[in-house]
file start-v4.txt (compact mmCIF, C-alpha atoms and all ligand atoms)
# COMPACT_ATOMS: atom_id res chain seq x y z
CA MET A 1 2.96 14.75 24.04
CA THR A 2 5.81 15.59 26.39
CA SER A 3 5.07 15.83 30.12
CA PRO A 4 5.33 19.21 31.90
CA THR A 5 7.66 17.51 34.36
CA ALA A 6 10.46 15.13 33.49
CA PRO A 7 9.72 11.48 34.31
CA VAL A 8 12.47 9.96 36.43
CA PHE A 9 13.07 6.31 37.33
CA ALA A 10 15.44 5.70 40.26
CA ASP A 11 17.26 2.44 40.98
CA VAL A 12 18.61 2.57 44.53
CA ASP A 13 20.09 0.46 47.33
CA THR A 14 18.77 2.69 50.15
CA GLY A 15 21.23 3.46 52.01
CA VAL A 16 21.65 6.82 53.80
CA ASP A 17 22.74 8.79 50.74
CA ASP A 18 20.23 7.01 48.49
CA ALA A 19 17.51 8.21 50.88
CA MET A 20 18.85 11.76 50.59
CA ALA A 21 18.79 11.37 46.80
CA LEU A 22 15.15 10.23 46.84
CA ALA A 23 14.24 13.15 49.11
CA TYR A 24 15.88 15.48 46.58
CA LEU A 25 13.92 13.98 43.68
CA LEU A 26 10.65 14.20 45.59
CA ALA A 27 11.46 17.81 46.46
CA SER A 28 12.24 18.83 42.87
CA PRO A 29 9.31 20.46 41.07
CA GLU A 30 10.60 19.72 37.57
CA ALA A 31 10.80 15.96 38.23
CA GLU A 32 8.11 13.32 38.45
CA LEU A 33 9.38 10.18 40.11
CA VAL A 34 7.54 7.48 38.15
CA GLY A 35 9.12 4.42 39.72
CA ILE A 36 11.69 3.15 42.19
CA ALA A 37 13.68 -0.05 41.75
CA ALA A 38 15.20 -1.64 44.84
CA THR A 39 18.62 -3.18 44.35
CA ALA A 40 20.50 -5.36 46.80
CA GLY A 41 23.60 -3.50 47.91
CA ASN A 42 24.06 -1.46 51.07
CA VAL A 43 21.53 -3.80 52.71
CA PRO A 44 19.63 -6.86 51.43
CA VAL A 45 16.98 -6.12 48.85
CA GLN A 46 14.03 -6.80 51.17
CA GLN A 47 15.37 -4.09 53.50
CA VAL A 48 15.93 -1.73 50.57
CA CYS A 49 12.27 -2.24 49.61
CA ALA A 50 11.14 -1.53 53.17
CA ASN A 51 13.27 1.61 53.29
CA ASN A 52 11.87 2.92 50.01
CA LEU A 53 8.27 2.25 51.04
CA GLY A 54 8.84 3.76 54.50
CA LEU A 55 10.41 6.85 53.01
CA LEU A 56 7.45 7.38 50.68
CA GLU A 57 5.14 6.97 53.68
CA LEU A 58 7.16 9.51 55.66
CA CYS A 59 7.01 11.95 52.77
CA GLY A 60 3.28 11.40 52.29
CA VAL A 61 3.71 10.69 48.58
CA ALA A 62 1.23 8.39 46.88
CA GLY A 63 1.32 6.56 43.59
CA ILE A 64 5.04 5.87 43.11
CA PRO A 65 5.51 2.16 42.42
CA VAL A 66 8.38 0.40 44.17
CA SER A 67 9.71 -2.83 42.65
CA LYS A 68 11.94 -5.46 44.22
CA GLY A 69 15.11 -6.35 42.40
CA ALA A 70 17.31 -9.41 42.34
CA GLU A 71 18.45 -10.71 45.73
CA GLN A 72 21.99 -11.40 44.53
CA PRO A 73 24.46 -9.93 42.06
CA LEU A 74 24.66 -11.67 38.68
CA HIS A 75 27.56 -14.01 39.48
CA THR A 76 28.69 -13.55 43.06
CA PRO A 77 27.20 -13.66 46.56
CA LEU A 78 25.88 -10.36 47.91
CA ARG A 79 28.04 -8.26 50.21
CA THR A 80 26.30 -5.57 52.26
CA ALA A 81 27.51 -2.45 54.08
CA GLU A 82 25.77 -2.17 57.44
CA ASP A 83 29.02 -0.75 58.84
CA THR A 84 28.56 2.26 56.56
CA HIS A 85 24.78 2.68 56.55
CA GLY A 86 23.54 1.10 59.77
CA PRO A 87 21.82 -2.20 60.55
CA GLN A 88 18.78 -1.34 58.43
CA GLY A 89 20.48 0.99 55.99
CA LEU A 90 19.32 4.29 57.43
CA GLY A 91 21.72 4.79 60.29
CA TYR A 92 19.88 5.47 63.54
CA ALA A 93 16.66 6.52 61.77
CA GLN A 94 13.30 4.85 62.24
CA LEU A 95 10.87 5.08 59.36
CA PRO A 96 7.11 4.98 59.93
CA ALA A 97 5.24 1.71 59.49
CA THR A 98 3.43 1.38 56.19
CA ASP A 99 1.02 -0.96 54.50
CA ARG A 100 2.21 0.07 51.04
CA LEU A 101 2.91 -2.83 48.70
CA LEU A 102 5.54 -3.62 46.12
CA THR A 103 4.61 -4.05 42.47
CA ALA A 104 3.80 -7.58 41.32
CA HIS A 105 6.54 -7.31 38.68
CA ASP A 106 10.24 -7.11 39.49
CA ALA A 107 12.64 -4.20 39.21
CA ALA A 108 14.11 -5.21 35.84
CA GLU A 109 10.63 -5.28 34.35
CA ALA A 110 9.89 -1.96 36.04
CA TRP A 111 12.84 -0.38 34.20
CA VAL A 112 11.56 -1.71 30.88
CA ARG A 113 7.95 -0.70 31.51
CA ALA A 114 8.94 2.83 32.52
CA ALA A 115 11.24 3.25 29.51
CA ARG A 116 8.52 2.06 27.14
CA ALA A 117 5.90 4.25 28.82
CA TYR A 118 8.01 7.39 28.27
CA PRO A 119 10.05 6.71 25.10
CA GLY A 120 12.76 9.33 24.65
CA GLU A 121 11.68 11.15 27.82
CA LEU A 122 12.63 9.01 30.79
CA ILE A 123 15.60 10.02 32.93
CA GLY A 124 17.20 6.98 34.56
CA LEU A 125 19.20 7.22 37.76
CA ALA A 126 21.19 4.32 39.23
CA THR A 127 22.75 4.79 42.65
CA GLY A 128 23.32 1.16 43.62
CA PRO A 129 24.87 -1.91 42.02
CA LEU A 130 23.75 -2.27 38.40
CA THR A 131 22.13 -5.72 38.71
CA ASN A 132 18.59 -4.62 37.85
CA LEU A 133 19.71 -2.43 34.99
CA ALA A 134 21.79 -5.22 33.47
CA LEU A 135 18.81 -7.58 33.69
CA ALA A 136 16.57 -4.93 32.15
CA MET A 137 18.99 -4.48 29.26
CA ARG A 138 19.01 -8.24 28.68
CA ALA A 139 15.21 -8.11 28.45
CA GLU A 140 15.17 -4.94 26.33
CA PRO A 141 18.51 -4.40 24.56
CA THR A 142 17.30 -1.10 23.08
CA LEU A 143 16.69 0.34 26.54
CA PRO A 144 19.52 2.88 26.07
CA LYS A 145 17.73 4.28 23.04
CA LEU A 146 14.45 4.56 24.94
CA LEU A 147 16.00 6.67 27.71
CA ARG A 148 16.50 10.39 27.44
CA ARG A 149 19.40 10.26 29.86
CA LEU A 150 21.04 7.89 32.33
CA VAL A 151 23.12 8.95 35.31
CA ILE A 152 25.09 6.33 37.21
CA MET A 153 26.82 6.81 40.55
CA GLY A 154 29.65 4.33 40.36
CA GLY A 155 33.33 3.80 39.84
CA ALA A 156 36.46 5.72 40.65
CA PHE A 157 38.37 7.32 37.79
CA ASP A 158 42.10 7.85 38.23
CA TYR A 159 41.27 7.74 41.92
CA ARG A 160 41.45 5.21 44.75
CA GLY A 161 38.52 3.00 45.61
CA ASN A 162 36.41 2.90 48.78
CA THR A 163 35.80 -0.87 48.83
CA THR A 164 39.14 -2.20 47.61
CA PRO A 165 42.19 -0.08 46.87
CA VAL A 166 40.88 0.43 43.33
CA SER A 167 37.15 -0.29 43.31
CA GLU A 168 34.09 1.68 44.31
CA TRP A 169 31.19 0.04 46.21
CA ASN A 170 28.41 -0.02 43.59
CA ILE A 171 30.69 -1.50 40.95
CA SER A 172 32.51 -3.77 43.36
CA VAL A 173 29.32 -5.47 44.61
CA ASP A 174 28.34 -6.58 41.10
CA PRO A 175 31.13 -5.98 38.59
CA GLU A 176 29.60 -8.30 35.99
CA SER A 177 26.40 -6.26 35.84
CA ALA A 178 28.37 -3.04 35.49
CA ALA A 179 30.41 -4.58 32.65
CA GLU A 180 27.19 -5.65 30.92
CA VAL A 181 25.68 -2.18 31.22
CA PHE A 182 28.75 -0.42 29.81
CA GLY A 183 29.14 -3.05 27.08
CA GLY A 184 25.44 -3.20 26.23
CA TRP A 185 25.22 0.55 26.04
CA GLY A 186 27.80 0.70 23.28
CA ALA A 187 26.17 -2.20 21.43
CA ALA A 188 22.70 -0.62 21.53
CA TRP A 189 23.90 2.53 19.83
CA GLY A 190 26.44 1.09 17.46
CA LEU A 191 27.43 3.90 15.15
CA ASP A 192 24.01 5.63 15.28
CA ASP A 193 24.70 8.16 17.96
CA PRO A 194 27.72 7.41 20.08
CA THR A 195 27.22 10.69 21.92
CA HIS A 196 24.18 9.46 23.83
CA VAL A 197 26.12 7.85 26.65
CA PRO A 198 25.52 7.62 30.41
CA ILE A 199 26.85 10.27 32.74
CA VAL A 200 28.99 8.39 35.26
CA LEU A 201 29.89 10.00 38.56
CA GLY A 202 32.69 8.26 40.39
CA LEU A 203 34.28 8.82 43.76
CA ASN A 204 36.77 11.21 42.18
CA LEU A 205 33.82 13.60 41.82
CA THR A 206 31.29 12.63 44.48
CA GLU A 207 33.78 12.84 47.35
CA ASN A 208 33.81 16.60 46.74
CA ILE A 209 30.27 16.67 48.06
CA ALA A 210 30.91 16.64 51.79
CA MET A 211 27.88 17.13 54.03
CA THR A 212 28.90 18.65 57.36
CA PRO A 213 27.00 19.31 60.60
CA ALA A 214 26.88 23.00 59.65
CA LEU A 215 25.29 22.25 56.27
CA LEU A 216 22.85 19.80 57.84
CA ASN A 217 21.91 22.50 60.30
CA ARG A 218 21.27 24.88 57.41
CA LEU A 219 18.86 22.27 56.02
CA ALA A 220 17.03 22.04 59.36
CA VAL A 221 16.75 25.83 59.52
CA ALA A 222 15.45 25.95 55.92
CA ALA A 223 12.81 23.41 56.96
CA GLY A 224 11.79 25.60 59.89
CA SER A 225 13.01 22.96 62.32
CA PRO A 226 16.27 24.20 63.80
CA SER A 227 18.17 22.16 66.37
CA ALA A 228 21.69 22.32 67.78
CA PRO A 229 24.29 21.37 65.15
CA MET A 230 25.74 17.89 65.64
CA SER A 231 29.26 17.61 66.97
CA VAL A 232 31.93 14.97 66.93
CA LEU A 233 31.85 15.32 70.72
CA ASP A 234 28.21 14.19 70.97
CA GLU A 235 27.58 10.78 72.43
CA ARG A 236 27.39 8.28 69.59
CA GLY A 237 23.86 7.51 68.48
CA THR A 238 22.35 10.65 70.02
CA ARG A 239 18.90 10.95 68.47
CA SER A 240 17.57 14.01 66.71
CA THR A 241 15.07 16.18 68.56
CA ALA A 242 13.95 17.99 65.41
CA ALA A 243 10.21 18.61 65.32
CA ASN A 244 10.02 18.04 61.58
CA PRO A 245 9.62 14.31 60.78
CA LEU A 246 11.73 14.32 57.61
CA ILE A 247 14.52 16.36 59.18
CA ARG A 248 14.47 14.01 62.18
CA VAL A 249 14.95 10.96 59.94
CA LEU A 250 17.64 12.62 57.84
CA GLU A 251 19.53 13.78 60.94
CA ASP A 252 19.36 10.34 62.55
CA ALA A 253 20.56 8.76 59.32
CA MET A 254 23.31 11.30 58.73
CA ARG A 255 24.69 11.00 62.25
CA PHE A 256 25.54 7.35 61.62
CA TYR A 257 27.07 8.27 58.26
CA PHE A 258 29.15 11.05 59.90
CA GLU A 259 30.40 8.56 62.50
CA PHE A 260 31.36 6.05 59.79
CA HIS A 261 33.30 8.66 57.81
CA PHE A 262 35.00 9.86 61.00
CA ASP A 263 36.09 6.30 61.78
CA THR A 264 37.55 5.86 58.32
CA GLY A 265 39.64 9.02 58.69
CA ASP A 266 37.61 11.42 56.53
CA GLY A 267 36.54 13.69 59.38
CA TYR A 268 33.10 14.30 60.91
CA LEU A 269 31.38 14.69 57.55
CA ALA A 270 29.77 12.45 54.94
CA HIS A 271 29.99 12.16 51.18
CA LEU A 272 26.66 12.62 49.43
CA HIS A 273 27.46 10.51 46.37
CA ASP A 274 23.89 9.66 45.41
CA PRO A 275 22.26 13.08 45.94
CA LEU A 276 24.81 14.56 43.54
CA ALA A 277 23.84 11.92 40.98
CA ALA A 278 20.15 12.76 41.50
CA ALA A 279 20.83 16.46 41.04
CA VAL A 280 22.84 15.80 37.87
CA ALA A 281 20.07 13.58 36.53
CA LEU A 282 17.80 16.63 36.62
CA ASP A 283 20.48 19.13 35.58
CA PRO A 284 23.63 17.80 33.88
CA GLU A 285 25.05 21.34 33.83
CA LEU A 286 25.95 20.92 37.50
CA VAL A 287 29.06 18.99 36.48
CA SER A 288 31.56 19.02 33.68
CA CYS A 289 32.35 15.71 32.03
CA ARG A 290 34.89 14.05 29.76
CA GLU A 291 33.82 11.47 27.23
CA THR A 292 35.64 8.16 27.19
CA THR A 293 35.28 4.40 26.95
CA VAL A 294 34.88 2.60 30.25
CA ASP A 295 35.24 -1.06 31.04
CA VAL A 296 35.19 -2.98 34.28
CA GLU A 297 37.97 -5.30 35.41
CA LEU A 298 36.45 -8.70 36.16
CA SER A 299 39.37 -11.03 36.63
CA GLY A 300 42.25 -9.14 38.25
CA THR A 301 43.18 -10.71 41.55
CA LEU A 302 43.91 -7.27 43.01
CA THR A 303 41.85 -5.11 40.67
CA ARG A 304 38.46 -6.83 40.24
CA GLY A 305 35.74 -4.17 40.13
CA MET A 306 38.08 -1.40 38.98
CA THR A 307 36.59 0.99 36.43
CA VAL A 308 39.15 1.54 33.68
CA ALA A 309 38.77 4.62 31.46
CA ASP A 310 40.52 4.50 28.09
CA TRP A 311 41.25 8.25 27.93
CA ARG A 312 43.62 7.96 24.98
CA GLY A 313 41.58 5.56 22.83
CA HIS A 314 44.00 2.63 23.02
CA TRP A 315 41.14 0.16 22.58
CA GLY A 316 39.71 1.85 19.48
CA ARG A 317 36.19 1.43 20.85
CA GLN A 318 33.22 3.81 20.81
CA PRO A 319 32.86 6.08 23.85
CA ASN A 320 30.30 4.70 26.31
CA ALA A 321 30.47 7.18 29.19
CA LEU A 322 30.70 10.81 30.15
CA ILE A 323 32.82 10.85 33.29
CA GLY A 324 32.10 13.70 35.72
CA ASP A 325 35.31 15.53 36.50
CA ARG A 326 34.35 18.89 38.06
CA VAL A 327 31.60 20.17 40.34
CA ASP A 328 31.01 23.22 42.51
CA PRO A 329 29.86 21.78 45.87
CA ALA A 330 28.44 25.15 47.01
CA VAL A 331 26.06 25.26 44.04
CA PHE A 332 24.93 21.70 44.76
CA PHE A 333 24.38 22.32 48.48
CA ASP A 334 22.48 25.58 47.90
CA ARG A 335 20.11 23.74 45.60
CA PHE A 336 19.81 20.67 47.83
CA ILE A 337 19.09 22.72 50.95
CA ASP A 338 16.60 25.02 49.18
CA ARG A 339 14.63 22.16 47.72
CA VAL A 340 14.65 19.63 50.53
CA GLY A 341 14.17 22.43 53.08
CA VAL A 342 10.98 23.65 51.40
CA PHE A 343 9.73 20.07 50.92
CA ALA A 344 10.33 19.18 54.58
CA ARG A 345 8.71 22.41 55.74
CA GLU A 346 5.55 21.52 53.81
CA LEU A 347 5.47 18.12 55.52
CA GLY A 348 6.10 19.45 58.98
C1 LIG B 1 28.13 4.34 46.84
O1 LIG B 1 28.14 3.21 47.70
C2 LIG B 1 27.04 3.23 48.56
O2 LIG B 1 27.37 2.82 49.83
C3 LIG B 1 26.49 4.62 48.52
O3 LIG B 1 25.08 4.58 48.71
C4 LIG B 1 26.86 5.11 47.15
O4 LIG B 1 25.87 4.78 46.20
C5 LIG B 1 29.40 5.10 47.05
O5 LIG B 1 30.50 4.29 46.78
CA CA B 2 23.71 3.89 46.90
call {"tool": "encode", "arguments": {"input": "start-v4.txt", "output": "structure tokens", "more": "lines below"}}
Ligand code: BDR
Ligand code: CA
result
Amino acid sequence: MTSPTAPVFADVDTGVDDAMALAYLLASPEAELVGIAATAGNVPVQQVCANNLGLLELCGVAGIPVSKGAEQPLHTPLRTAEDTHGPQGLGYAQLPATDRLLTAHDAAEAWVRAARAYPGELIGLATGPLTNLALAMRAEPTLPKLLRRLVIMGGAFDYRGNTTPVSEWNISVDPESAAEVFGGWGAAWGLDDPTHVPIVLGLNLTENIAMTPALLNRLAVAAGSPSAPMSVLDERGTRSTAANPLIRVLEDAMRFYFEFHFDTGDGYLAHLHDPLAAAVALDPELVSCRETTVDVELSGTLTRGMTVADWRGHWGRQPNALIGDRVDPAVFFDRFIDRVGVFARELG
């Protein structure tokens, strides 16, 4: 029997925009978040676990298992991004204390259990390095066939990187796991159904999704918790005075993210990479995509972690990805603000 809501499993390295993505999933009536995997990435995996548990506490949601992933990428030491996401991964935000516990099994096993529990139904979302997913596919090579859909935020296609000149963060942190996922995906399907490939949203697409103080203010208003819009002129680290607890956390997190983007020359805004991926996981029609074969550069001295798309079929290999190439940011933001606004209002 199919569920009335779509089961979703999210693998995250929370992270400011990962937190926004989780809020979107929790706020979406057609989705049932059945599990969260914590991946080491923006911050160490223990901190990612704490952020996921604290966020569930803040949102008053019970019964969503959180599983700890590997502490390190497959072959290389972990790099983290506190400069981008703050010392604990959520900018200036403080999450409530919680006595919630992690699952006894790890994140790779959580992927496999969820996929087996909902064969053909589960929507997978990966918004961090692909370490857990690669380990899950080692344990269950037919995982791609068990999933209804997989959406990955990662890579940069015909576009500059944000971590090296050519590589995007999630892929750059653990290129070997990304290569295994793209390779294993093709192998699992063979010639059966080469159309069932992951939707991959790279920086070329996700950097169109620019959260601004005005949009964040619209969210606060939608939640019934208006406050003065943030400004680049505000003292750094100014804390939110929003009455609504979720809006307060999101504003405190976003302020740090705005400041980071400002310092890197993007302006006083922030790219919501992971929330776009969450929205596409629930509704692929939000983006248009082009099918291709993707591989990850592992050995280039200047290009390690680069995602290479074989648009013209030089390799003669099966397609293994649908690369997002167009999105209407206004449609995304209307949906994000409507949903998260209503959800926050109910909490407040
Ligand atoms: C990705 O890197 C992380 O810092 C963000 O959370 C996002 O998943 C963007 O490159
Ligand atoms: Ca992320």
call {"tool": "closest_atom_pairs", "arguments": {"input": "start-v4.txt", "of": "stretch 246-280 of chain A", "to": "stretch 34-55 of chain A", "cutoff": "12 Å", "atoms": "all atoms listed in the file", "output": "JSON lines"}}
result
{"residue": "A:Leu246", "atom": "CA", "partner": "A:Leu55", "partner_atom": "CA", "distance": 8.9}
{"residue": "A:Val249", "atom": "CA", "partner": "A:Leu55", "partner_atom": "CA", "distance": 9.2}
{"residue": "A:Leu250", "atom": "CA", "partner": "A:Leu55", "partner_atom": "CA", "distance": 10.4}
{"residue": "A:Ala253", "atom": "CA", "partner": "A:Asn51", "partner_atom": "CA", "distance": 11.9}
call {"tool": "closest_atom_pairs", "arguments": {"input": "start-v4.txt", "of": "chain A", "to": "ligand LIG 1 (chain B)", "cutoff": "8 Å", "atoms": "all atoms listed in the file", "output": "CSV"}}
result
residue,atom,partner,partner_atom,distance
A:Val12,CA,B:LIG1,O4,7.8
A:Asp13,CA,B:LIG1,O3,6.6
A:Thr14,CA,B:LIG1,O3,6.7
A:Gly15,CA,B:LIG1,O3,5.2
A:Val16,CA,B:LIG1,O3,6.5
A:Asp17,CA,B:LIG1,O3,5.2
A:Asp18,CA,B:LIG1,O3,5.4
A:Gly41,CA,B:LIG1,C2,7.6
A:Asn42,CA,B:LIG1,O2,5.6
A:Ala81,CA,B:LIG1,O2,6.8
A:Thr84,CA,B:LIG1,O2,6.9
A:His85,CA,B:LIG1,O2,7.2
A:Thr127,CA,B:LIG1,O4,4.7
A:Gly128,CA,B:LIG1,O4,5.1
A:Pro129,CA,B:LIG1,O4,8.0
A:Met153,CA,B:LIG1,O4,6.1
A:Gly154,CA,B:LIG1,O5,6.5
A:Gly155,CA,B:LIG1,O5,7.5
A:Asn162,CA,B:LIG1,O5,6.4
A:Thr163,CA,B:LIG1,O5,7.7
A:Glu168,CA,B:LIG1,O5,5.1
A:Trp169,CA,B:LIG1,O5,4.3
A:Asn170,CA,B:LIG1,O1,5.2
A:Gly202,CA,B:LIG1,O5,7.8
A:Leu203,CA,B:LIG1,O5,6.6
A:Leu272,CA,B:LIG1,C4,7.9
A:His273,CA,B:LIG1,C4,5.5
A:Asp274,CA,B:LIG1,O4,5.3
call {"tool": "closest_residue", "arguments": {"input": "start-v4.txt", "among": "A:Asn208, A:Gly86, A:Val197, A:Phe336", "to": "A:Leu22", "atoms": "all atoms listed in the file"}}
result
A:Phe336
call {"tool": "residues_around", "arguments": {"input": "start-v4.txt", "residues": "stretch 290-305 of chain A", "least_positions_apart": "5", "cutoff": "7 Å", "atoms": "only C-alpha atoms", "output": "number ranges by chain"}}
result
A: 166-167, 171-172, 175-176, 178-179, 182, 310-311, 317-325
call {"tool": "atom_distance", "arguments": {"input": "start-v4.txt", "atom1": "atom CA of A:Ala31", "atom2": "atom CA of A:Ala115"}}
result
15.4 Å
call {"tool": "atom_distance", "arguments": {"input": "start-v4.txt", "atom1": "atom CA of A:Gly265", "atom2": "atom CA of A:Arg326"}}
result
23.5 Å
call {"tool": "atom_distance", "arguments": {"input": "start-v4.txt", "atom1": "atom CA of A:Leu201", "atom2": "atom CA of A:Ile247"}}
result
26.5 Å
call {"tool": "closest_residue", "arguments": {"input": "start-v4.txt", "among": "A:His314, A:Arg218, A:His105, A:Arg149", "to": "A:Phe333", "atoms": "only C-alpha atoms"}}
result
A:Arg218
call {"tool": "closest_residue", "arguments": {"input": "start-v4.txt", "among": "A:Ala223, A:Val280, A:Leu90, A:Leu233", "to": "ligand CA 2 (chain B)", "atoms": "only C-alpha atoms and all ligand atoms"}}
result
A:Leu90
call {"tool": "closest_residue", "arguments": {"input": "start-v4.txt", "among": "A:Ile123, A:Ala117, A:Leu276, A:Leu146", "to": "ligand CA 2 (chain B)", "atoms": "only C-alpha atoms and all ligand atoms"}}
result
A:Leu276
call {"tool": "residues_near_point", "arguments": {"input": "start-v4.txt", "point": "(26.4, -2.2, 31.4)", "cutoff": "7 Å", "atoms": "all atoms listed in the file", "output": "list of chain:residue names"}}
result
A:Ala134, A:Ser177, A:Ala178, A:Ala179, A:Glu180, A:Val181, A:Phe182, A:Gly183, A:Gly184, A:Trp185
call {"tool": "closest_residue", "arguments": {"input": "start-v4.txt", "among": "A:Ala277, A:Ala309, A:Ala70, A:Ala62", "to": "ligand CA 2 (chain B)", "atoms": "all atoms listed in the file"}}
result
A:Ala277
call {"tool": "closest_residue", "arguments": {"input": "start-v4.txt", "among": "A:Thr206, A:Thr98, A:Thr241, A:Thr264", "to": "A:Asp328", "atoms": "only C-alpha atoms"}}
result
A:Thr206
call {"tool": "residues_around", "arguments": {"input": "start-v4.txt", "residues": "stretch 329-331 of chain A", "least_positions_apart": "5", "cutoff": "8 Å", "atoms": "all atoms listed in the file", "output": "list in words"}}
result
Asn208, Ile209, Ala210 and Leu286 of chain A
call {"tool": "residues_around", "arguments": {"input": "start-v4.txt", "residues": "A:Phe9", "least_positions_apart": "3", "cutoff": "12 Å", "atoms": "all atoms listed in the file", "output": "PyMOL selection string"}}
result
chain A and resi 6+12+22+25-26+31-38+64-67+107-108+110-118+121-127+133+147-151+278+281-282
call {"tool": "axis_aligned_box", "arguments": {"input": "start-v4.txt", "around": "stretch 47-65 of chain A", "padding_each_side": "3 Å", "output": "AutoDock Vina command-line options"}}
result
--center_x 8.6 --center_y 3.9 --center_z 49.0 --size_x 20.7 --size_y 22.0 --size_z 19.2
call {"tool": "residues_near_point", "arguments": {"input": "start-v4.txt", "point": "(13.3, 25.7, 51.3)", "cutoff": "9 Å", "atoms": "only C-alpha atoms", "output": "mmCIF file with C-alpha atoms, in the frame of the given file"}}
result
data_model
loop_
_atom_site.group_PDB
_atom_site.id
_atom_site.type_symbol
_atom_site.label_atom_id
_atom_site.label_comp_id
_atom_site.auth_asym_id
_atom_site.auth_seq_id
_atom_site.Cartn_x
_atom_site.Cartn_y
_atom_site.Cartn_z
ATOM 1 C CA LEU A 219 18.860 22.270 56.020
ATOM 2 C CA VAL A 221 16.750 25.830 59.520
ATOM 3 C CA ALA A 222 15.450 25.950 55.920
ATOM 4 C CA ALA A 223 12.810 23.410 56.960
ATOM 5 C CA GLY A 224 11.790 25.600 59.890
ATOM 6 C CA PHE A 336 19.810 20.670 47.830
ATOM 7 C CA ILE A 337 19.090 22.720 50.950
ATOM 8 C CA ASP A 338 16.600 25.020 49.180
ATOM 9 C CA ARG A 339 14.630 22.160 47.720
ATOM 10 C CA VAL A 340 14.650 19.630 50.530
ATOM 11 C CA GLY A 341 14.170 22.430 53.080
ATOM 12 C CA VAL A 342 10.980 23.650 51.400
ATOM 13 C CA PHE A 343 9.730 20.070 50.920
ATOM 14 C CA ALA A 344 10.330 19.180 54.580
ATOM 15 C CA ARG A 345 8.710 22.410 55.740
#
call {"tool": "build_atoms", "arguments": {"input": "start-v4.txt", "residues": "stretch 194-210 of chain A", "atoms": "N, CA and C atoms", "output": "PDB file, keeping the file's coordinate frame"}}
result
ATOM      1  N   PRO A 194      26.855   7.778  18.962  1.00  0.00           N
ATOM      2  CA  PRO A 194      27.720   7.410  20.080  1.00  0.00           C
ATOM      3  C   PRO A 194      27.820   8.498  21.140  1.00  0.00           C
ATOM      4  N   THR A 195      27.120   9.633  20.917  1.00  0.00           N
ATOM      5  CA  THR A 195      27.220  10.690  21.920  1.00  0.00           C
ATOM      6  C   THR A 195      26.213  10.499  23.061  1.00  0.00           C
ATOM      7  N   HIS A 196      25.229   9.634  22.828  1.00  0.00           N
ATOM      8  CA  HIS A 196      24.180   9.460  23.830  1.00  0.00           C
ATOM      9  C   HIS A 196      24.644   8.402  24.846  1.00  0.00           C
ATOM     10  N   VAL A 197      25.495   8.807  25.728  1.00  0.00           N
ATOM     11  CA  VAL A 197      26.120   7.850  26.650  1.00  0.00           C
ATOM     12  C   VAL A 197      25.784   8.237  28.094  1.00  0.00           C
ATOM     13  N   PRO A 198      25.852   7.289  29.019  1.00  0.00           N
ATOM     14  CA  PRO A 198      25.520   7.620  30.410  1.00  0.00           C
ATOM     15  C   PRO A 198      26.517   8.608  31.016  1.00  0.00           C
ATOM     16  N   ILE A 199      25.996   9.415  31.912  1.00  0.00           N
ATOM     17  CA  ILE A 199      26.850  10.270  32.740  1.00  0.00           C
ATOM     18  C   ILE A 199      27.240   9.424  33.950  1.00  0.00           C
ATOM     19  N   VAL A 200      28.520   9.277  34.187  1.00  0.00           N
ATOM     20  CA  VAL A 200      28.990   8.390  35.260  1.00  0.00           C
ATOM     21  C   VAL A 200      29.763   9.228  36.272  1.00  0.00           C
ATOM     22  N   LEU A 201      29.261   9.198  37.504  1.00  0.00           N
ATOM     23  CA  LEU A 201      29.890  10.000  38.560  1.00  0.00           C
ATOM     24  C   LEU A 201      30.591   9.059  39.523  1.00  0.00           C
ATOM     25  N   GLY A 202      31.894   9.115  39.520  1.00  0.00           N
ATOM     26  CA  GLY A 202      32.690   8.260  40.390  1.00  0.00           C
ATOM     27  C   GLY A 202      33.123   8.992  41.647  1.00  0.00           C
ATOM     28  N   LEU A 203      33.831   8.255  42.483  1.00  0.00           N
ATOM     29  CA  LEU A 203      34.280   8.820  43.760  1.00  0.00           C
ATOM     30  C   LEU A 203      35.164  10.045  43.573  1.00  0.00           C
ATOM     31  N   ASN A 204      35.905  10.069  42.460  1.00  0.00           N
ATOM     32  CA  ASN A 204      36.770  11.210  42.180  1.00  0.00           C
ATOM     33  C   ASN A 204      35.963  12.506  42.192  1.00  0.00           C
ATOM     34  N   LEU A 205      34.672  12.417  41.825  1.00  0.00           N
ATOM     35  CA  LEU A 205      33.820  13.600  41.820  1.00  0.00           C
ATOM     36  C   LEU A 205      32.959  13.683  43.071  1.00  0.00           C
ATOM     37  N   THR A 206      32.317  12.564  43.418  1.00  0.00           N
ATOM     38  CA  THR A 206      31.290  12.630  44.480  1.00  0.00           C
ATOM     39  C   THR A 206      31.899  12.879  45.856  1.00  0.00           C
ATOM     40  N   GLU A 207      33.176  12.566  46.024  1.00  0.00           N
ATOM     41  CA  GLU A 207      33.780  12.840  47.350  1.00  0.00           C
ATOM     42  C   GLU A 207      34.047  14.332  47.547  1.00  0.00           C
ATOM     43  N   ASN A 208      33.775  15.144  46.535  1.00  0.00           N
ATOM     44  CA  ASN A 208      33.810  16.600  46.740  1.00  0.00           C
ATOM     45  C   ASN A 208      32.570  17.100  47.462  1.00  0.00           C
ATOM     46  N   ILE A 209      31.551  16.253  47.490  1.00  0.00           N
ATOM     47  CA  ILE A 209      30.270  16.670  48.060  1.00  0.00           C
ATOM     48  C   ILE A 209      30.217  16.202  49.511  1.00  0.00           C
ATOM     49  N   ALA A 210      30.777  17.018  50.375  1.00  0.00           N
ATOM     50  CA  ALA A 210      30.910  16.640  51.790  1.00  0.00           C
ATOM     51  C   ALA A 210      29.856  17.355  52.628  1.00  0.00           C
TER      52      ALA A 210
END
